[in-house]
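Next up, entry-v7.pdb (PDB, C-alpha atoms):
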MODEL        1
ATOM      1  CA  MET A 292      12.429  23.371 -55.782
ATOM      2  CA  VAL A 293       9.828  25.542 -54.079
ATOM      3  CA  GLN A 294       7.707  22.467 -53.463
ATOM      4  CA  GLU A 295      10.613  20.695 -51.726
ATOM      5  CA  SER A 296      11.272  23.580 -49.365
ATOM      6  CA  VAL A 297       7.588  23.700 -48.382
ATOM      7  CA  ASN A 298       7.633  19.964 -47.664
ATOM      8  CA  GLN A 299      10.779  20.326 -45.586
ATOM      9  CA  ASP A 300       9.162  23.126 -43.576
ATOM     10  CA  ASP A 301       6.093  20.956 -42.998
ATOM     11  CA  ASN A 302       8.301  18.103 -41.832
ATOM     12  CA  LYS A 303      10.140  20.390 -39.439
ATOM     13  CA  THR A 304       6.916  21.681 -37.901
ATOM     14  CA  SER A 305       5.450  18.197 -37.552
ATOM     15  CA  VAL A 306       8.632  16.951 -35.873
ATOM     16  CA  GLY A 307       8.642  20.028 -33.666
ATOM     17  CA  ASN A 308       5.034  19.401 -32.634
ATOM     18  CA  ASN A 309       5.775  15.768 -31.815
ATOM     19  CA  GLU A 310       8.686  16.775 -29.620
ATOM     20  CA  LYS A 311       6.555  19.328 -27.805
ATOM     21  CA  ASN A 312       3.871  16.756 -27.025
ATOM     22  CA  LYS A 313       6.311  14.283 -25.484
ATOM     23  CA  PRO A 314       6.791  14.685 -21.727
ATOM     24  CA  SER A 315      10.338  15.445 -20.703
ATOM     25  CA  THR A 316      12.485  15.557 -17.590
ATOM     26  CA  GLN A 317      15.414  17.735 -16.601
ATOM     27  CA  ASP A 318      18.887  16.481 -15.816
ATOM     28  CA  GLU A 319      21.190  17.960 -13.169
ATOM     29  CA  ASN A 320      22.309  20.729 -15.556
ATOM     30  CA  GLY A 321      18.736  21.825 -16.279
ATOM     31  CA  ASN A 322      18.722  20.341 -19.797
ATOM     32  CA  LEU A 323      15.520  18.678 -20.942
ATOM     33  CA  ILE A 324      15.601  14.900 -21.496
ATOM     34  CA  PRO A 325      12.804  13.142 -23.441
ATOM     35  CA  GLN A 326      10.759  10.802 -21.238
ATOM     36  CA  ALA A 327      11.418   7.765 -23.443
ATOM     37  CA  ARG A 328      15.185   8.270 -23.183
ATOM     38  CA  PHE A 329      14.884   8.792 -19.440
ATOM     39  CA  ASN A 330      12.882   5.545 -19.047
ATOM     40  CA  GLU A 331      15.440   3.700 -21.159
ATOM     41  CA  TYR A 332      18.278   4.988 -18.978
ATOM     42  CA  VAL A 333      16.444   4.048 -15.761
ATOM     43  CA  ALA A 334      15.741   0.517 -17.051
ATOM     44  CA  LYS A 335      19.383   0.113 -18.082
ATOM     45  CA  THR A 336      20.586   1.337 -14.680
ATOM     46  CA  ASN A 337      18.155  -0.942 -12.841
ATOM     47  CA  SER A 338      19.341  -3.959 -14.826
ATOM     48  CA  LYS A 339      22.958  -3.082 -13.945
ATOM     49  CA  VAL A 340      22.045  -2.819 -10.272
ATOM     50  CA  GLU A 341      20.301  -6.213 -10.373
ATOM     51  CA  ALA A 342      23.306  -7.780 -12.085
ATOM     52  CA  MET A 343      25.659  -6.284  -9.480
ATOM     53  CA  GLN A 344      23.417  -7.532  -6.657
ATOM     54  CA  LYS A 345      23.524 -11.056  -8.118
ATOM     55  CA  GLU A 346      27.330 -10.865  -8.310
ATOM     56  CA  ILE A 347      27.529  -9.706  -4.702
ATOM     57  CA  ASP A 348      25.284 -12.581  -3.619
ATOM     58  CA  LYS A 349      27.521 -15.042  -5.511
ATOM     59  CA  TYR A 350      30.626 -13.630  -3.834
ATOM     60  CA  LYS A 351      28.990 -13.813  -0.410
ATOM     61  CA  ALA A 352      28.056 -17.448  -1.018
ATOM     62  CA  LYS A 353      31.613 -18.242  -2.166
ATOM     63  CA  GLU A 354      33.032 -16.426   0.854
ATOM     64  CA  GLN A 355      30.729 -18.360   3.185
ATOM     65  CA  LYS A 356      31.773 -21.687   1.616
ATOM     66  CA  HIS A 357      35.451 -20.700   1.835
ATOM     67  CA  ARG A 358      35.041 -19.641   5.452
ATOM     68  CA  GLN A 359      33.256 -22.882   6.278
ATOM     69  CA  ALA A 360      35.989 -24.897   4.568
ATOM     70  CA  ASN A 361      38.648 -23.043   6.613
ATOM     71  CA  LEU A 362      36.761 -23.745   9.831
ATOM     72  CA  GLU A 363      36.490 -27.419   8.894
ATOM     73  CA  ALA A 364      40.197 -27.523   8.132
ATOM     74  CA  GLN A 365      40.931 -26.018  11.513
ATOM     75  CA  GLY A 366      38.583 -28.494  13.192
ATOM     76  CA  ASP A 367      36.258 -25.773  14.574
ATOM     77  CA  TYR A 368      33.037 -27.686  14.019
ATOM     78  CA  LYS A 369      31.318 -26.080  16.993
ATOM     79  CA  GLN A 370      31.447 -22.666  15.318
ATOM     80  CA  ILE A 371      30.000 -24.101  12.097
ATOM     81  CA  ILE A 372      27.182 -25.822  13.983
ATOM     82  CA  PHE A 373      26.474 -22.653  15.966
ATOM     83  CA  GLU A 374      26.203 -20.526  12.807
ATOM     84  CA  GLN A 375      24.000 -23.038  11.020
ATOM     85  CA  ASP A 376      21.735 -23.331  14.078
ATOM     86  CA  ALA A 377      21.323 -19.537  14.162
ATOM     87  CA  GLU A 378      20.461 -19.473  10.449
ATOM     88  CA  LEU A 379      18.059 -22.389  10.889
ATOM     89  CA  LYS A 380      16.355 -20.595  13.789
ATOM     90  CA  ASN A 381      15.873 -17.452  11.672
ATOM     91  CA  LEU A 382      14.443 -19.488   8.804
ATOM     92  CA  ARG A 383      12.039 -21.346  11.114
ATOM     93  CA  GLU A 384      10.781 -18.039  12.568
ATOM     94  CA  PHE A 385      10.282 -16.695   9.056
ATOM     95  CA  LYS A 386       8.411 -19.838   8.004
ATOM     96  CA  ALA A 387       6.203 -19.649  11.090
ATOM     97  CA  THR A 388       5.186 -16.042  10.344
ATOM     98  CA  ILE A 389       4.470 -16.880   6.687
ATOM     99  CA  ASP A 390       2.425 -19.938   7.697
ATOM    100  CA  LYS A 391       0.470 -17.854  10.203
ATOM    101  CA  GLN A 392      -0.275 -15.182   7.585
ATOM    102  CA  ASN A 393      -1.381 -17.812   5.072
ATOM    103  CA  THR A 394      -3.619 -19.483   7.662
ATOM    104  CA  GLU A 395      -5.258 -16.163   8.574
ATOM    105  CA  LYS A 396      -5.727 -15.287   4.907
ATOM    106  CA  ARG A 397      -7.251 -18.710   4.181
ATOM    107  CA  GLN A 398      -9.598 -18.393   7.144
ATOM    108  CA  SER A 399     -10.746 -14.941   6.064
ATOM    109  CA  TYR A 400     -11.471 -16.270   2.563
ATOM    110  CA  LEU A 401     -13.355 -19.256   3.957
ATOM    111  CA  ASP A 402     -15.394 -16.941   6.198
ATOM    112  CA  MET A 403     -16.599 -15.154   3.050
ATOM    113  CA  LEU A 404     -18.118 -18.401   1.744
ATOM    114  CA  THR A 405     -21.355 -20.113   2.744
ATOM    115  CA  ASP A 406     -21.217 -23.388   4.676
ATOM    116  CA  ASP A 407     -21.901 -25.447   1.548
ATOM    117  CA  ASP A 408     -19.191 -23.636  -0.400
ATOM    118  CA  ARG A 409     -16.747 -24.091   2.487
ATOM    119  CA  GLU A 410     -17.133 -27.849   2.199
ATOM    120  CA  ILE A 411     -16.556 -27.688  -1.548
ATOM    121  CA  TYR A 412     -13.722 -25.151  -1.696
ATOM    122  CA  GLY A 413     -12.137 -25.719   1.726
ATOM    123  CA  ASP A 414      -9.463 -28.062   0.399
ATOM    124  CA  LEU A 415      -8.275 -25.788  -2.419
ATOM    125  CA  PRO A 416      -4.757 -24.356  -2.269
ATOM    126  CA  LEU A 417      -4.615 -20.769  -1.074
ATOM    127  CA  ASN A 418      -3.894 -19.212  -4.479
ATOM    128  CA  ALA A 419      -6.803 -21.110  -6.127
ATOM    129  CA  LEU A 420      -9.122 -20.139  -3.271
ATOM    130  CA  GLU A 421      -8.057 -16.508  -3.627
ATOM    131  CA  LYS A 422      -8.780 -16.579  -7.381
ATOM    132  CA  HIS A 423     -12.206 -18.107  -6.740
ATOM    133  CA  ILE A 424     -13.127 -15.479  -4.142
ATOM    134  CA  ASN A 425     -11.961 -12.640  -6.394
ATOM    135  CA  LYS A 426     -13.985 -14.061  -9.292
ATOM    136  CA  GLN A 427     -17.078 -14.253  -7.064
ATOM    137  CA  LYS A 428     -16.601 -10.671  -5.864
ATOM    138  CA  GLN A 429     -16.241  -9.430  -9.424
ATOM    139  CA  ALA A 430     -19.381 -11.290 -10.532
ATOM    140  CA  LEU A 431     -21.357  -9.831  -7.627
ATOM    141  CA  GLN A 432     -20.184  -6.311  -8.375
ATOM    142  CA  GLU A 433     -21.203  -6.641 -12.016
ATOM    143  CA  LYS A 434     -24.666  -8.045 -11.212
ATOM    144  CA  ALA A 435     -25.662  -6.091  -8.108
ATOM    145  CA  PRO A 436     -27.540  -2.866  -8.822
ATOM    146  CA  ILE A 437     -27.017   0.010  -6.458
ATOM    147  CA  PRO A 438     -30.029   0.108  -4.121
ATOM    148  CA  ALA A 439     -31.940   3.326  -3.630
ATOM    149  CA  THR A 440     -31.311   4.664  -0.160
ATOM    150  CA  ASP A 441     -33.709   7.598  -0.117
ATOM    151  CA  THR A 442     -37.407   7.458  -1.027
ATOM    152  CA  ARG A 443     -38.060  11.181  -0.847
ATOM    153  CA  LYS A 444     -38.410  13.268  -3.953
ATOM    154  CA  ALA A 445     -35.449  15.337  -5.018
ATOM    155  CA  VAL A 446     -35.391  18.967  -3.948
ATOM    156  CA  ARG A 447     -34.935  21.164  -6.992
ATOM    157  CA  ASN A 448     -32.735  24.222  -6.630
ATOM    158  CA  ASN A 449     -32.931  24.217  -2.823
ATOM    159  CA  ASN A 450     -36.668  24.797  -3.008
ATOM    160  CA  VAL A 451     -39.268  23.400  -0.687
ATOM    161  CA  PRO A 452     -40.275  19.898  -1.841
ATOM    162  CA  ASP A 453     -43.532  19.688  -3.795
ATOM    163  CA  GLU A 454     -45.213  17.319  -1.329
ATOM    164  CA  VAL A 455     -44.838  19.838   1.520
ATOM    165  CA  ASN A 456     -47.831  22.138   1.621
ATOM    166  CA  TRP A 457     -47.024  25.601   2.886
ATOM    167  CA  ALA A 458     -50.383  25.741   4.655
ATOM    168  CA  ASP A 459     -49.420  22.731   6.783
ATOM    169  CA  MET A 460     -46.199  24.399   7.991
ATOM    170  CA  ASP A 461     -46.089  26.089  11.349
ATOM    171  CA  LYS A 462     -45.560  29.834  11.482
ATOM    172  CA  GLU A 463     -41.792  29.720  12.107
ATOM    173  CA  GLU A 464     -41.129  27.199   9.371
ATOM    174  CA  ARG A 465     -43.258  29.183   6.904
ATOM    175  CA  ARG A 466     -41.396  32.356   7.809
ATOM    176  CA  SER A 467     -37.944  30.744   7.365
ATOM    177  CA  ASN A 468     -38.919  29.187   3.998
ATOM    178  CA  TRP A 469     -41.110  32.000   2.636
ATOM    179  CA  ASP A 470     -38.696  33.008  -0.139
ATOM    180  CA  LYS A 471     -38.482  29.373  -1.285
ATOM    181  CA  ILE A 472     -42.244  29.015  -1.239
ATOM    182  CA  LEU A 473     -42.636  32.119  -3.385
ATOM    183  CA  ALA A 474     -39.906  30.962  -5.749
ATOM    184  CA  LYS A 475     -41.688  27.612  -6.210
ATOM    185  CA  TYR A 476     -44.882  29.343  -7.349
ATOM    186  CA  SER A 477     -43.172  31.993  -9.453
ATOM    187  CA  LYS A 478     -41.334  29.406 -11.615
ATOM    188  CA  LYS A 479     -44.577  27.686 -12.706
TER     189      LYS A 479
ENDMDL
END
What does the file become when written as structure tokens?
Amino acid sequence: MVQESVNQDDNKTSVGNNEKNKPSTQDENGNLIPQARFNEYVAKTNSKVEAMQKEIDKYKAKEQKHRQANLEAQGDYKQIIFEQDAELKNLREFKATIDKQNTEKRQSYLDMLTDDDREIYGDLPLNALEKHINKQKQALQEKAPIPATDTRKAVRNNNVPDEVNWADMDKEERRSNWDKILAKYSKK
């Protein structure tokens, strides 16, 4: 009996510790909500919104077909042609901007290649060319060591570098660095 109560207390503390480690969010009343439950609720809400958006799109398409059928029944073909021409114009403008962006993107990728590689990979579709360029960049980053940019020795603790002789300094420079010069000799 005593053993069971100890085990129950241990279980309560372990559950309590697990709950404390989980991140939580507050609702509008100030109550804490576990993050997993919050994520579940958000996913559920987002799926409902997507489903509603699909239904709205279906209704709009049905309404457009019904409207077009009414116009045809009334013999108002000019209105139908006018609306379809406007939609076609918008779609052509959209296609032109997408084609322009794809052309610029392709050209920038081809500019990254050498002349020989351009001949080889120039006919690839854009997505395959993009994958190839990304693979080349990744390979270069993995292989390329970081070049040294400075050949001077490191200055330790803001001291005067070892290769600088204090006797070669002019009077002003020696005076401004005198405490560093002394510190360099006192540490040895």
Inset, instruction - Calculate how many Å separate CA of Ala352 in chain A from CA of Thr336 in chain A, rounding to one decimal. - result: 24.4 Å
Taking all atoms of range 370-386 of chain A that the file lists and extending 6 Å past them on each side, where is the centre of the axis-aligned box and how long are its edges? Answer in Å to one decimal, as lines of an AutoDock Vina configuration file.
center_x = 19.9
center_y = -21.3
center_z = 12.0
size_x = 35.0
size_y = 21.1
size_z = 20.0
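Nearest residue to Thr394 in chain A among A:Leu417, A:Ala377, A:Ala364, A:Leu382 is A:Leu417, counting all atoms listed in the file.
Interatomic distance, CA of Leu362 in chain A to CA of Asn381 in chain A: 21.9 Å.
When CA of Gly413 in chain A is paired with CA of Leu401 in chain A, their separation reads 6.9 Å.
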